[in-house]
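So this block is work.pdb, PDB, C-alpha atoms, pLDDT in the B column:
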```pdb
ATOM      1  CA  MET V   1     -62.995-108.964 -45.556  1.00 61.00           C
ATOM      2  CA  THR V   2     -64.046-109.844 -42.004  1.00 76.00           C
ATOM      3  CA  ALA V   3     -66.718-112.518 -41.742  1.00 81.00           C
ATOM      4  CA  SER V   4     -70.026-111.436 -40.220  1.00 90.00           C
ATOM      5  CA  THR V   5     -71.386-112.880 -36.986  1.00 90.00           C
ATOM      6  CA  LEU V   6     -73.906-114.888 -39.003  1.00 93.00           C
ATOM      7  CA  GLU V   7     -71.200-116.370 -41.219  1.00 93.00           C
ATOM      8  CA  LEU V   8     -69.090-117.175 -38.152  1.00 91.00           C
ATOM      9  CA  ALA V   9     -72.049-118.779 -36.412  1.00 90.00           C
ATOM     10  CA  LEU V  10     -72.972-120.987 -39.349  1.00 93.00           C
ATOM     11  CA  THR V  11     -69.360-121.945 -40.054  1.00 92.00           C
ATOM     12  CA  TYR V  12     -69.151-123.005 -36.429  1.00 89.00           C
ATOM     13  CA  GLU V  13     -72.442-124.906 -36.677  1.00 90.00           C
ATOM     14  CA  HIS V  14     -71.289-126.752 -39.782  1.00 94.00           C
ATOM     15  CA  ALA V  15     -68.028-127.749 -38.105  1.00 92.00           C
ATOM     16  CA  ARG V  16     -69.744-128.995 -34.953  1.00 89.00           C
ATOM     17  CA  ILE V  17     -72.354-130.975 -36.913  1.00 93.00           C
ATOM     18  CA  ARG V  18     -69.513-132.522 -38.910  1.00 94.00           C
ATOM     19  CA  GLU V  19     -67.721-133.380 -35.676  1.00 92.00           C
ATOM     20  CA  LEU V  20     -70.829-135.121 -34.363  1.00 91.00           C
ATOM     21  CA  ALA V  21     -71.254-136.904 -37.708  1.00 94.00           C
ATOM     22  CA  ASP V  22     -67.687-138.202 -37.483  1.00 92.00           C
ATOM     23  CA  GLN V  23     -68.412-139.633 -34.033  1.00 90.00           C
ATOM     24  CA  ALA V  24     -71.609-141.272 -35.303  1.00 90.00           C
ATOM     25  CA  HIS V  25     -69.643-142.654 -38.281  1.00 88.00           C
ATOM     26  CA  HIS V  26     -67.445-144.764 -36.008  1.00 82.00           C
ATOM     27  CA  PRO V  27     -68.274-148.502 -36.223  1.00 77.00           C
ATOM     28  CA  ALA V  28     -68.613-148.629 -32.430  1.00 74.00           C
ATOM     29  CA  ALA V  29     -71.472-146.118 -32.629  1.00 71.00           C
ATOM     30  CA  ALA V  30     -73.702-148.943 -33.891  1.00 67.00           C
ATOM     31  CA  HIS V  31     -73.536-150.629 -30.480  1.00 70.00           C
ATOM     32  CA  PRO V  32     -76.603-149.974 -28.282  1.00 66.00           C
ATOM     33  CA  GLU V  33     -74.491-148.370 -25.538  1.00 65.00           C
ATOM     34  CA  ARG V  34     -73.081-145.878 -28.068  1.00 72.00           C
ATOM     35  CA  ARG V  35     -76.400-145.161 -29.783  1.00 77.00           C
ATOM     36  CA  HIS V  36     -76.484-141.685 -28.255  1.00 83.00           C
ATOM     37  CA  GLN V  37     -73.756-140.546 -30.647  1.00 86.00           C
ATOM     38  CA  THR V  38     -76.055-141.057 -33.633  1.00 87.00           C
ATOM     39  CA  ASP V  39     -78.942-139.519 -31.671  1.00 88.00           C
ATOM     40  CA  TRP V  40     -76.927-136.364 -31.003  1.00 89.00           C
ATOM     41  CA  PHE V  41     -75.883-135.947 -34.612  1.00 93.00           C
ATOM     42  CA  TYR V  42     -79.376-136.634 -35.946  1.00 93.00           C
ATOM     43  CA  ALA V  43     -81.134-134.334 -33.476  1.00 92.00           C
ATOM     44  CA  ILE V  44     -78.803-131.382 -33.925  1.00 93.00           C
ATOM     45  CA  ALA V  45     -78.734-131.679 -37.716  1.00 95.00           C
ATOM     46  CA  ALA V  46     -82.546-131.761 -37.759  1.00 95.00           C
ATOM     47  CA  GLN V  47     -82.744-128.730 -35.457  1.00 94.00           C
ATOM     48  CA  HIS V  48     -80.330-126.797 -37.621  1.00 95.00           C
ATOM     49  CA  LEU V  49     -82.240-127.516 -40.820  1.00 97.00           C
ATOM     50  CA  ALA V  50     -85.596-126.477 -39.358  1.00 97.00           C
ATOM     51  CA  ALA V  51     -84.193-123.289 -37.817  1.00 95.00           C
ATOM     52  CA  ALA V  52     -82.477-122.282 -41.052  1.00 96.00           C
ATOM     53  CA  GLU V  53     -85.709-122.796 -42.980  1.00 97.00           C
ATOM     54  CA  ASP V  54     -87.625-120.618 -40.521  1.00 97.00           C
ATOM     55  CA  VAL V  55     -85.062-117.822 -40.179  1.00 97.00           C
ATOM     56  CA  LEU V  56     -82.820-117.758 -43.264  1.00 97.00           C
ATOM     57  CA  LEU V  57     -85.091-118.732 -46.137  1.00 97.00           C
ATOM     58  CA  PRO V  58     -87.355-115.653 -45.920  1.00 97.00           C
ATOM     59  CA  HIS V  59     -84.204-113.579 -46.562  1.00 97.00           C
ATOM     60  CA  VAL V  60     -82.973-115.942 -49.280  1.00 98.00           C
ATOM     61  CA  ARG V  61     -86.281-115.491 -51.092  1.00 97.00           C
ATOM     62  CA  ARG V  62     -85.534-111.750 -51.386  1.00 96.00           C
ATOM     63  CA  LEU V  63     -82.232-112.381 -53.177  1.00 97.00           C
ATOM     64  CA  PRO V  64     -81.990-112.263 -56.983  1.00 95.00           C
ATOM     65  CA  ASP V  65     -83.641-115.439 -58.305  1.00 96.00           C
ATOM     66  CA  GLY V  66     -84.609-116.092 -54.686  1.00 97.00           C
ATOM     67  CA  SER V  67     -87.425-118.530 -55.471  1.00 97.00           C
ATOM     68  CA  SER V  68     -85.040-120.844 -57.327  1.00 98.00           C
ATOM     69  CA  LEU V  69     -82.500-120.610 -54.512  1.00 98.00           C
ATOM     70  CA  VAL V  70     -85.134-121.565 -51.940  1.00 98.00           C
ATOM     71  CA  THR V  71     -86.344-124.459 -54.094  1.00 98.00           C
ATOM     72  CA  ARG V  72     -82.820-125.811 -54.352  1.00 98.00           C
ATOM     73  CA  TYR V  73     -82.234-125.440 -50.609  1.00 98.00           C
ATOM     74  CA  VAL V  74     -85.485-127.161 -49.650  1.00 98.00           C
ATOM     75  CA  GLY V  75     -84.842-129.947 -52.158  1.00 98.00           C
ATOM     76  CA  ASN V  76     -81.507-130.662 -50.514  1.00 98.00           C
ATOM     77  CA  ALA V  77     -83.032-130.403 -47.027  1.00 98.00           C
ATOM     78  CA  LYS V  78     -85.778-132.915 -47.815  1.00 98.00           C
ATOM     79  CA  GLU V  79     -83.283-135.420 -49.231  1.00 98.00           C
ATOM     80  CA  LEU V  80     -80.995-134.946 -46.234  1.00 98.00           C
ATOM     81  CA  GLU V  81     -83.908-135.398 -43.845  1.00 97.00           C
ATOM     82  CA  ARG V  82     -84.901-138.630 -45.580  1.00 96.00           C
ATOM     83  CA  SER V  83     -81.336-139.895 -45.239  1.00 95.00           C
ATOM     84  CA  LEU V  84     -81.293-138.916 -41.557  1.00 95.00           C
ATOM     85  CA  ARG V  85     -84.461-140.943 -41.036  1.00 91.00           C
ATOM     86  CA  PHE V  86     -82.834-143.915 -42.761  1.00 91.00           C
ATOM     87  CA  LEU V  87     -79.846-143.481 -40.440  1.00 90.00           C
ATOM     88  CA  LYS V  88     -82.064-143.531 -37.368  1.00 84.00           C
ATOM     89  CA  GLY V  89     -83.993-146.492 -38.758  1.00 84.00           C
ATOM     90  CA  ARG V  90     -80.798-148.464 -39.205  1.00 80.00           C
ATOM     91  CA  GLN V  91     -79.725-147.568 -35.684  1.00 77.00           C
ATOM     92  CA  TYR V  92     -83.022-148.639 -34.118  1.00 74.00           C
ATOM     93  CA  GLY V  93     -83.616-151.740 -36.243  1.00 73.00           C
ATOM     94  CA  ASP V  94     -86.465-150.465 -38.419  1.00 74.00           C
ATOM     95  CA  SER V  95     -87.252-153.348 -40.794  1.00 72.00           C
ATOM     96  CA  ARG V  96     -88.214-150.901 -43.554  1.00 81.00           C
ATOM     97  CA  VAL V  97     -84.599-149.759 -44.020  1.00 81.00           C
ATOM     98  CA  GLN V  98     -82.660-152.920 -43.262  1.00 76.00           C
ATOM     99  CA  ASN V  99     -82.170-153.471 -47.004  1.00 83.00           C
ATOM    100  CA  LEU V 100     -79.815-150.462 -46.907  1.00 85.00           C
ATOM    101  CA  THR V 101     -76.241-150.811 -45.705  1.00 84.00           C
ATOM    102  CA  ASP V 102     -74.568-148.400 -43.292  1.00 84.00           C
ATOM    103  CA  LEU V 103     -72.187-147.424 -46.100  1.00 87.00           C
ATOM    104  CA  GLU V 104     -75.068-146.531 -48.432  1.00 92.00           C
ATOM    105  CA  VAL V 105     -76.798-144.446 -45.789  1.00 91.00           C
ATOM    106  CA  TRP V 106     -73.678-142.579 -44.712  1.00 93.00           C
ATOM    107  CA  THR V 107     -72.588-141.962 -48.327  1.00 95.00           C
ATOM    108  CA  SER V 108     -75.919-140.232 -48.916  1.00 96.00           C
ATOM    109  CA  VAL V 109     -75.789-138.285 -45.629  1.00 96.00           C
ATOM    110  CA  ASP V 110     -72.226-137.077 -46.259  1.00 96.00           C
ATOM    111  CA  ARG V 111     -72.968-135.988 -49.831  1.00 97.00           C
ATOM    112  CA  LEU V 112     -76.123-134.107 -48.900  1.00 98.00           C
ATOM    113  CA  LEU V 113     -74.545-132.535 -45.829  1.00 97.00           C
ATOM    114  CA  ALA V 114     -71.664-131.211 -47.935  1.00 97.00           C
ATOM    115  CA  GLU V 115     -74.140-129.764 -50.452  1.00 98.00           C
ATOM    116  CA  HIS V 116     -76.146-128.204 -47.627  1.00 98.00           C
ATOM    117  CA  GLU V 117     -73.023-126.505 -46.272  1.00 98.00           C
ATOM    118  CA  ARG V 118     -72.127-125.107 -49.701  1.00 98.00           C
ATOM    119  CA  LEU V 119     -75.622-123.747 -50.286  1.00 98.00           C
ATOM    120  CA  GLU V 120     -75.957-122.236 -46.835  1.00 97.00           C
ATOM    121  CA  THR V 121     -72.506-120.648 -46.961  1.00 97.00           C
ATOM    122  CA  SER V 122     -73.238-119.062 -50.348  1.00 97.00           C
ATOM    123  CA  TYR V 123     -76.706-117.851 -49.392  1.00 98.00           C
ATOM    124  CA  THR V 124     -75.545-116.462 -46.069  1.00 97.00           C
ATOM    125  CA  HIS V 125     -72.774-114.465 -47.720  1.00 96.00           C
ATOM    126  CA  GLN V 126     -75.267-112.939 -50.154  1.00 97.00           C
ATOM    127  CA  ILE V 127     -77.684-112.089 -47.333  1.00 97.00           C
ATOM    128  CA  CYS V 128     -74.949-110.413 -45.285  1.00 96.00           C
ATOM    129  CA  GLU V 129     -73.927-108.263 -48.247  1.00 95.00           C
ATOM    130  CA  GLN V 130     -77.435-106.751 -48.278  1.00 94.00           C
ATOM    131  CA  LEU V 131     -77.901-106.160 -44.525  1.00 94.00           C
ATOM    132  CA  ASP V 132     -76.160-103.824 -42.095  1.00 93.00           C
ATOM    133  CA  ASP V 133     -74.315-105.220 -39.082  1.00 92.00           C
ATOM    134  CA  SER V 134     -77.150-104.721 -36.613  1.00 93.00           C
ATOM    135  CA  HIS V 135     -79.583-106.677 -38.793  1.00 94.00           C
ATOM    136  CA  VAL V 136     -77.014-109.423 -39.327  1.00 94.00           C
ATOM    137  CA  ASN V 137     -76.454-109.698 -35.583  1.00 92.00           C
ATOM    138  CA  THR V 138     -80.198-109.900 -34.985  1.00 93.00           C
ATOM    139  CA  LEU V 139     -80.504-112.622 -37.613  1.00 94.00           C
ATOM    140  CA  THR V 140     -77.668-114.525 -35.939  1.00 92.00           C
ATOM    141  CA  GLU V 141     -79.418-114.424 -32.587  1.00 90.00           C
ATOM    142  CA  GLU V 142     -82.688-115.502 -34.193  1.00 94.00           C
ATOM    143  CA  ILE V 143     -81.240-118.612 -35.798  1.00 92.00           C
ATOM    144  CA  LEU V 144     -79.410-119.674 -32.631  1.00 88.00           C
ATOM    145  CA  GLN V 145     -82.599-119.233 -30.629  1.00 89.00           C
ATOM    146  CA  ALA V 146     -84.689-121.023 -33.253  1.00 93.00           C
ATOM    147  CA  GLU V 147     -82.415-124.057 -33.072  1.00 91.00           C
ATOM    148  CA  GLU V 148     -83.136-124.389 -29.362  1.00 88.00           C
ATOM    149  CA  VAL V 149     -86.862-124.970 -29.985  1.00 91.00           C
ATOM    150  CA  ALA V 150     -86.704-126.744 -33.352  1.00 94.00           C
ATOM    151  CA  PRO V 151     -87.846-130.338 -33.943  1.00 94.00           C
ATOM    152  CA  THR V 152     -85.338-133.000 -32.896  1.00 93.00           C
ATOM    153  CA  ARG V 153     -86.340-135.337 -35.718  1.00 93.00           C
ATOM    154  CA  ALA V 154     -86.448-135.035 -39.486  1.00 95.00           C
ATOM    155  CA  HIS V 155     -89.845-134.562 -41.159  1.00 96.00           C
ATOM    156  CA  PRO V 156     -89.166-134.547 -44.905  1.00 96.00           C
ATOM    157  CA  TYR V 157     -92.818-134.741 -45.941  1.00 96.00           C
ATOM    158  CA  SER V 158     -94.057-131.774 -43.891  1.00 96.00           C
ATOM    159  CA  PRO V 159     -94.152-128.127 -45.067  1.00 96.00           C
ATOM    160  CA  HIS V 160     -90.692-126.562 -44.935  1.00 97.00           C
ATOM    161  CA  THR V 161     -91.261-122.875 -45.637  1.00 96.00           C
ATOM    162  CA  GLY V 162     -93.563-119.976 -44.887  1.00 95.00           C
ATOM    163  CA  MET V 163     -96.069-119.725 -42.078  1.00 95.00           C
ATOM    164  CA  ALA V 164     -97.131-123.345 -42.570  1.00 96.00           C
ATOM    165  CA  GLY V 165     -93.543-124.507 -42.168  1.00 96.00           C
ATOM    166  CA  ARG V 166     -93.013-122.520 -38.976  1.00 95.00           C
ATOM    167  CA  MET V 167     -96.264-123.753 -37.450  1.00 96.00           C
ATOM    168  CA  VAL V 168     -95.494-127.367 -38.318  1.00 96.00           C
ATOM    169  CA  HIS V 169     -92.013-127.066 -36.839  1.00 96.00           C
ATOM    170  CA  ARG V 170     -93.516-125.938 -33.523  1.00 94.00           C
ATOM    171  CA  MET V 171     -96.001-128.809 -33.560  1.00 96.00           C
ATOM    172  CA  TRP V 172     -93.335-131.361 -34.392  1.00 95.00           C
ATOM    173  CA  ARG V 173     -91.118-130.114 -31.574  1.00 94.00           C
ATOM    174  CA  LEU V 174     -93.841-131.048 -29.081  1.00 93.00           C
ATOM    175  CA  ALA V 175     -94.418-134.420 -30.699  1.00 94.00           C
ATOM    176  CA  ASP V 176     -90.690-135.138 -31.024  1.00 92.00           C
ATOM    177  CA  SER V 177     -90.074-134.373 -27.363  1.00 89.00           C
ATOM    178  CA  ALA V 178     -92.801-136.846 -26.388  1.00 90.00           C
ATOM    179  CA  TRP V 179     -91.391-139.579 -28.624  1.00 86.00           C
ATOM    180  CA  ASP V 180     -87.818-138.890 -27.491  1.00 84.00           C
ATOM    181  CA  SER V 181     -88.939-139.448 -23.914  1.00 85.00           C
ATOM    182  CA  ALA V 182     -90.919-142.572 -24.810  1.00 83.00           C
ATOM    183  CA  GLU V 183     -87.975-144.116 -26.677  1.00 78.00           C
ATOM    184  CA  GLY V 184     -85.444-143.097 -24.050  1.00 76.00           C
ATOM    185  CA  ARG V 185     -83.617-141.255 -26.807  1.00 73.00           C
ATOM    186  CA  VAL V 186     -80.780-139.130 -25.460  1.00 64.00           C
ATOM    187  CA  ILE V 187     -80.911-135.522 -26.650  1.00 68.00           C
ATOM    188  CA  PRO V 188     -77.970-133.302 -25.640  1.00 58.00           C
ATOM    189  CA  THR V 189     -78.481-130.448 -23.205  1.00 47.00           C
ATOM    190  CA  LYS V 190     -74.920-129.353 -22.383  1.00 41.00           C
ATOM    191  CA  TYR V 191     -72.343-127.636 -24.565  1.00 37.00           C
ATOM    192  CA  HIS V 192     -69.760-130.419 -24.383  1.00 39.00           C
ATOM    193  CA  VAL V 193     -72.100-132.477 -26.561  1.00 41.00           C
ATOM    194  CA  HIS V 194     -74.161-129.627 -27.975  1.00 43.00           C
ATOM    195  CA  PRO V 195     -72.878-126.938 -30.369  1.00 46.00           C
ATOM    196  CA  LYS V 196     -75.338-124.231 -29.354  1.00 49.00           C
ATOM    197  CA  ARG V 197     -75.673-123.826 -25.608  1.00 48.00           C
ATOM    198  CA  ASP V 198     -73.004-121.877 -23.724  1.00 49.00           C
ATOM    199  CA  SER V 199     -70.419-122.151 -26.497  1.00 51.00           C
ATOM    200  CA  ALA V 200     -67.595-119.666 -26.855  1.00 46.00           C
ATOM    201  CA  LEU V 201     -69.277-118.386 -29.997  1.00 54.00           C
ATOM    202  CA  SER V 202     -72.576-117.870 -28.179  1.00 54.00           C
ATOM    203  CA  HIS V 203     -70.802-115.829 -25.507  1.00 49.00           C
ATOM    204  CA  TYR V 204     -69.114-113.784 -28.219  1.00 50.00           C
ATOM    205  CA  LEU V 205     -72.386-113.123 -30.001  1.00 52.00           C
ATOM    206  CA  TYR V 206     -74.294-112.231 -26.856  1.00 49.00           C
ATOM    207  CA  GLY V 207     -71.441-110.335 -25.194  1.00 49.00           C
ATOM    208  CA  THR V 208     -71.461-112.424 -22.003  1.00 48.00           C
ATOM    209  CA  ALA V 209     -68.485-113.525 -19.946  1.00 46.00           C
ATOM    210  CA  ILE V 210     -66.956-117.004 -20.153  1.00 40.00           C
ATOM    211  CA  THR V 211     -66.054-118.610 -16.817  1.00 49.00           C
ATOM    212  CA  GLU V 212     -62.766-120.403 -16.201  1.00 45.00           C
ATOM    213  CA  ASP V 213     -64.543-123.767 -16.164  1.00 48.00           C
ATOM    214  CA  GLN V 214     -66.070-123.069 -19.560  1.00 44.00           C
ATOM    215  CA  GLU V 215     -62.710-122.000 -20.961  1.00 42.00           C
ATOM    216  CA  GLU V 216     -61.283-125.371 -19.925  1.00 45.00           C
ATOM    217  CA  GLN V 217     -64.050-127.124 -21.882  1.00 45.00           C
ATOM    218  CA  HIS V 218     -63.001-125.320 -25.049  1.00 43.00           C
TER     219      HIS V 218
END
```

Represent the structure contained in this file as structure tokens.
Amino acid sequence: MTASTLELALTYEHARIRELADQAHHPAAAHPERRHQTDWFYAIAAQHLAAAEDVLLPHVRRLPDGSSLVTRYVGNAKELERSLRFLKGRQYGDSRVQNLTDLEVWTSVDRLLAEHERLETSYTHQICEQLDDSHVNTLTEEILQAEEVAPTRAHPYSPHTGMAGRMVHRMWRLADSAWDSAEGRVIPTKYHVHPKRDSALSHYLYGTAITEDQEEQH
């Protein structure tokens, strides 16, 4: 059975987030001049989580036993967001998390990220079985667009679902952008360090042409 555009998009997202996590894992990434590698991973993972909550979870809730599925997803997301904040705290010397080792933080991040991927893959497959291709394609576009304007930091103690969650995500995006600028935190804006903008998958989904220069980047 051919995978839907939504399943392709999220499989791609998972792979790119993992790739960025692997770069941030490297011992050299702890050096101040390589701090951007952790920033990229953290920002893009946070954006993905917020966008999925805004776009996917309303559809998950309509699945059989949807409320339990959403509860499990949000529980994982909150734990992952807490671990991402610990990761950033370690990177920036936050005294509140210096009792944790890099190994402890990354063990938690890796475990929760793997669980997130399993949940999202399963839920997405169930959603796609209930929707026709045009609705799936629309949902794919919505999640890619939502990631572009999602918060760049993790906020585990804020609302995650419903209208409150969507409103808080918009508010946090504004606040996060201000703090990113104040801290001089590098947030990716080009595809070669960003899995969403101008990627081959994005061109496929939107039906736009890929230039020769972009082909060389892939």

Taking the file as shown, find all residues satisfying the PyMOL selection byres ((chain V and resi 18) around 12) and write them as a PyMOL selection string.
chain V and resi 11-17+19-25+38+40-42+44-45+109-111+113-114+116-117+195

Restricting the output to C-alpha atoms, write the selected residues as a CSV table (one decimal), in the coordinates of the input.
```
chain,number,residue,atom,x,y,z
V,11,THR,CA,-69.4,-121.9,-40.1
V,12,TYR,CA,-69.2,-123.0,-36.4
V,13,GLU,CA,-72.4,-124.9,-36.7
V,14,HIS,CA,-71.3,-126.8,-39.8
V,15,ALA,CA,-68.0,-127.7,-38.1
V,16,ARG,CA,-69.7,-129.0,-35.0
V,17,ILE,CA,-72.4,-131.0,-36.9
V,19,GLU,CA,-67.7,-133.4,-35.7
V,20,LEU,CA,-70.8,-135.1,-34.4
V,21,ALA,CA,-71.3,-136.9,-37.7
V,22,ASP,CA,-67.7,-138.2,-37.5
V,23,GLN,CA,-68.4,-139.6,-34.0
V,24,ALA,CA,-71.6,-141.3,-35.3
V,25,HIS,CA,-69.6,-142.7,-38.3
V,38,THR,CA,-76.1,-141.1,-33.6
V,40,TRP,CA,-76.9,-136.4,-31.0
V,41,PHE,CA,-75.9,-135.9,-34.6
V,42,TYR,CA,-79.4,-136.6,-35.9
V,44,ILE,CA,-78.8,-131.4,-33.9
V,45,ALA,CA,-78.7,-131.7,-37.7
V,109,VAL,CA,-75.8,-138.3,-45.6
V,110,ASP,CA,-72.2,-137.1,-46.3
V,111,ARG,CA,-73.0,-136.0,-49.8
V,113,LEU,CA,-74.5,-132.5,-45.8
V,114,ALA,CA,-71.7,-131.2,-47.9
V,116,HIS,CA,-76.1,-128.2,-47.6
V,117,GLU,CA,-73.0,-126.5,-46.3
V,195,PRO,CA,-72.9,-126.9,-30.4
```

Would you pick out the contacts of Arg166 in chain V at 10 Å or less, using all atoms listed in the file, so that residues sharing its chain but fewer than 3 positions from it are not included, and give the list as JSON, numbers by chain?
{"V": [50, 51, 53, 54, 55, 150, 159, 160, 161, 162, 163, 169, 170, 171, 172]}

How many Å lie between CA of Gln47 in chain V and CA of Thr152 in chain V, rounded to one decimal?
5.6 Å

Can you turn the PyMOL selection byres ((chain V and resi 9) around 9) into a concrete residue list for this file, as an mmCIF file with C-alpha atoms, in the coordinates of the input?
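Contents of part_34.cif, freshly written:
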```cif
data_model
loop_
_atom_site.group_PDB
_atom_site.id
_atom_site.type_symbol
_atom_site.label_atom_id
_atom_site.label_comp_id
_atom_site.auth_asym_id
_atom_site.auth_seq_id
_atom_site.Cartn_x
_atom_site.Cartn_y
_atom_site.Cartn_z
ATOM 1 C CA SER V 4 -70.026 -111.436 -40.220
ATOM 2 C CA THR V 5 -71.386 -112.880 -36.986
ATOM 3 C CA LEU V 6 -73.906 -114.888 -39.003
ATOM 4 C CA GLU V 7 -71.200 -116.370 -41.219
ATOM 5 C CA LEU V 8 -69.090 -117.175 -38.152
ATOM 6 C CA LEU V 10 -72.972 -120.987 -39.349
ATOM 7 C CA THR V 11 -69.360 -121.945 -40.054
ATOM 8 C CA TYR V 12 -69.151 -123.005 -36.429
ATOM 9 C CA GLU V 13 -72.442 -124.906 -36.677
ATOM 10 C CA HIS V 14 -71.289 -126.752 -39.782
ATOM 11 C CA THR V 140 -77.668 -114.525 -35.939
ATOM 12 C CA LEU V 144 -79.410 -119.674 -32.631
ATOM 13 C CA LEU V 201 -69.277 -118.386 -29.997
ATOM 14 C CA SER V 202 -72.576 -117.870 -28.179
ATOM 15 C CA LEU V 205 -72.386 -113.123 -30.001
#
```

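Using all atoms listed in the file, the residues found no farther than 9 Å from Arg82 in chain V, other than those of its own chain fewer than 2 positions away, are Ala77, Lys78, Glu79, Leu80, Leu84, Arg85, Phe86, Leu87, Ala154, His155, Pro156 and Tyr157 of chain V.
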
To one decimal in Å, tell me the separation between CA of Leu103 in chain V and CA of Asn76 in chain V.
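Separation of CA of Leu103 in chain V and CA of Asn76 in chain V: 19.7 Å.
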
Closest of V:Ser177, V:Thr124, V:Ser158, V:Ser108 to His59 in chain V - atom-to-atom distances counting all atoms listed in the file:
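Among the listed residues, V:Thr124 lies closest to His59 in chain V.
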
Non-local contacts of Val70 in chain V (7 Å; all atoms listed in the file; under 4 positions in same chain excluded) as a PyMOL selection string:
chain V and resi 57+60-61+66+74

Writer output for current selection, C-alpha atoms, as a PDB file, keeping the file's coordinate frame:
```
ATOM      1  CA  LEU V  57     -85.091-118.732 -46.137  1.00 97.00           C
ATOM      2  CA  VAL V  60     -82.973-115.942 -49.280  1.00 98.00           C
ATOM      3  CA  ARG V  61     -86.281-115.491 -51.092  1.00 97.00           C
ATOM      4  CA  GLY V  66     -84.609-116.092 -54.686  1.00 97.00           C
ATOM      5  CA  VAL V  74     -85.485-127.161 -49.650  1.00 98.00           C
TER       6      VAL V  74
END
```

Can you measure CA of Arg62 in chain V to CA of Tyr123 in chain V for me? One decimal in Å is fine.
10.9 Å

Applied to this file, what does the PyMOL selection byres ((chain V and resi 90) around 12) return in terms of residues, put as a PyMOL selection string?
chain V and resi 29-32+35+38-39+83-89+91-106

Restricting the calculation to all atoms listed in the file: of V:Thr138, V:Gly184, V:Glu81, V:Leu69, which residue gets closest to Gln126 in chain V?
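When distances to Gln126 in chain V are compared using all atoms listed in the file, the smallest one comes from V:Leu69.
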
Taking all atoms listed in the file into account, name the residue in V:Ala3, V:Ala52, V:Pro64, V:Glu120 that is nearest to Ala146 in chain V.
V:Ala52

I'd like to know which of V:Leu131, V:His26, V:Arg34, V:Arg118 is closest to Leu63 in chain V, using all atoms listed in the file.
V:Leu131

Block slice range 82-122 of chain V, C-alpha atoms, emitted as a PDB file, in the first residue's frame:
```
ATOM      1  CA  ARG V  82      10.694  18.876  29.820  1.00  0.00           C
ATOM      2  CA  SER V  83      13.704  16.882  28.642  1.00  0.00           C
ATOM      3  CA  LEU V  84      14.317  19.381  25.832  1.00  0.00           C
ATOM      4  CA  ARG V  85      14.335  22.181  28.397  1.00  0.00           C
ATOM      5  CA  PHE V  86      16.846  20.238  30.488  1.00  0.00           C
ATOM      6  CA  LEU V  87      18.971  19.834  27.354  1.00  0.00           C
ATOM      7  CA  LYS V  88      18.924  23.564  26.687  1.00  0.00           C
ATOM      8  CA  GLY V  89      19.628  24.270  30.351  1.00  0.00           C
ATOM      9  CA  ARG V  90      22.690  22.053  30.270  1.00  0.00           C
ATOM     10  CA  GLN V  91      23.864  23.750  27.093  1.00  0.00           C
ATOM     11  CA  TYR V  92      23.463  27.262  28.500  1.00  0.00           C
ATOM     12  CA  GLY V  93      24.728  26.552  32.019  1.00  0.00           C
ATOM     13  CA  ASP V  94      21.433  26.733  33.912  1.00  0.00           C
ATOM     14  CA  SER V  95      22.338  25.944  37.536  1.00  0.00           C
ATOM     15  CA  ARG V  96      18.960  24.264  38.084  1.00  0.00           C
ATOM     16  CA  VAL V  97      19.877  21.324  35.826  1.00  0.00           C
ATOM     17  CA  GLN V  98      23.600  20.991  36.420  1.00  0.00           C
ATOM     18  CA  ASN V  99      22.929  18.029  38.728  1.00  0.00           C
ATOM     19  CA  LEU V 100      21.950  16.093  35.581  1.00  0.00           C
ATOM     20  CA  THR V 101      24.581  14.589  33.309  1.00  0.00           C
ATOM     21  CA  ASP V 102      24.526  14.871  29.521  1.00  0.00           C
ATOM     22  CA  LEU V 103      24.055  11.096  29.363  1.00  0.00           C
ATOM     23  CA  GLU V 104      20.976  11.238  31.607  1.00  0.00           C
ATOM     24  CA  VAL V 105      19.414  14.035  29.591  1.00  0.00           C
ATOM     25  CA  TRP V 106      20.072  12.446  26.211  1.00  0.00           C
ATOM     26  CA  THR V 107      18.883   9.009  27.401  1.00  0.00           C
ATOM     27  CA  SER V 108      15.556  10.602  28.313  1.00  0.00           C
ATOM     28  CA  VAL V 109      15.337  12.624  25.076  1.00  0.00           C
ATOM     29  CA  ASP V 110      16.116   9.591  22.898  1.00  0.00           C
ATOM     30  CA  ARG V 111      13.594   7.361  24.679  1.00  0.00           C
ATOM     31  CA  LEU V 112      10.799   9.913  24.511  1.00  0.00           C
ATOM     32  CA  LEU V 113      11.568  10.850  20.916  1.00  0.00           C
ATOM     33  CA  ALA V 114      11.357   7.195  19.874  1.00  0.00           C
ATOM     34  CA  GLU V 115       8.008   6.854  21.673  1.00  0.00           C
ATOM     35  CA  HIS V 116       6.762  10.041  20.021  1.00  0.00           C
ATOM     36  CA  GLU V 117       7.649   8.673  16.583  1.00  0.00           C
ATOM     37  CA  ARG V 118       5.830   5.396  17.264  1.00  0.00           C
ATOM     38  CA  LEU V 119       2.697   7.154  18.490  1.00  0.00           C
ATOM     39  CA  GLU V 120       2.618   9.669  15.667  1.00  0.00           C
ATOM     40  CA  THR V 121       3.230   7.023  13.007  1.00  0.00           C
ATOM     41  CA  SER V 122       0.403   4.853  14.357  1.00  0.00           C
TER      42      SER V 122
END
```
